[in-house]
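Report on one structure; see the data block that follows.
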Amino acid sequence: MSSANAGTNETLKVTANKGLFYVSVMGQNDGVNFSVKTGTSTPDPVNPIDPATADFVVVEPVAVSIPAAAINSKAEFSSDVEQIIASTWAQWGEISANTPGIVADVAKAIHFLAQQDDIKDKDLDILLYFLRNFAANGDFTQFSQADAKLISDALHAVAMMTEFYTTGAPAGLIHESYATALINLTTAEGAQFITEQLPHLMALTQFYAGLSNPYVNDNFGYSTNQILKAFYDLAYIGKQNALI
């Protein structure tokens, strides 16, 4: 600010990370000139129209090396997996609790479906959603590190599908089920696989952050809630289980 009176000029430098910045000049301000100059900024990788600081962390979708799916066609789905596909959530609790080996069979089926790269396959949505039920009702006394790895590999495959980072239906359903399935890895057996999933979860969060209005997309209200809740679940439940 410059003034007609000598010695009363003032300079104020402000660093604002993002958003609107308001300045109010109070008091006796007759004869005061106010000018604003912008400094250097770097483009926001989520929304290049907005300026951002150079410290903005960019989390890109990641590709990881995983083994090929253990099965090669839907004809190889176990009878238990077929029963899940043909039934509903109301029946899944009993299946989760009383069917030995079910989570391994489901994970293998999800892995196969994800590698087919058809996000619209209803069986993929159903089986991912079943993992949420298993997290609540499954018999974790029989849950092994091998089971956890099968789930982790299956979720890697899902997160690397071509249309995973998109807004068209049923991407929102897949995002929601992916996020809720992660809770199965908060056991001692799954602990080593939690950190492997974090880059996917963080990239998915940043993808949502770049949407001007995510809630216009099918199921994105629910998926947004579950993606954010996943960070809480992994931290809180993992801590309860003495994993972190």
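Identifiers in the structure tokens: chain A, B, ... in order shown; residue index from 1 per chain; ligand index from 1 in order shown.
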I'd like the contact shell of region 196-199 of chain A - 9 Å cut-off, only C-alpha atoms, skipping same-chain residues fewer than 6 positions apart - returned as number ranges by chain. A: 59-62, 152, 155-156, 182, 231
Just want the 8 Å neighbourhood of Ile71 (chain A), counted on only C-alpha atoms, with same-chain residues fewer than 5 positions away dropped. Output as a PyMOL selection string.
chain A and resi 76-77+108-109+112
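Across the structure, CA of Ile110 (chain A) and CA of Val158 (chain A) are spaced 7.9 Å apart.
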- Message: At a cut-off of 7 Å, using only C-alpha atoms, what residues contact region 221-229 of chain A? Leave out same-chain residues fewer than 3 positions from it and give the result as number ranges by chain.
- Response: A: 172-173, 175-176, 179-180, 205, 215, 232-233
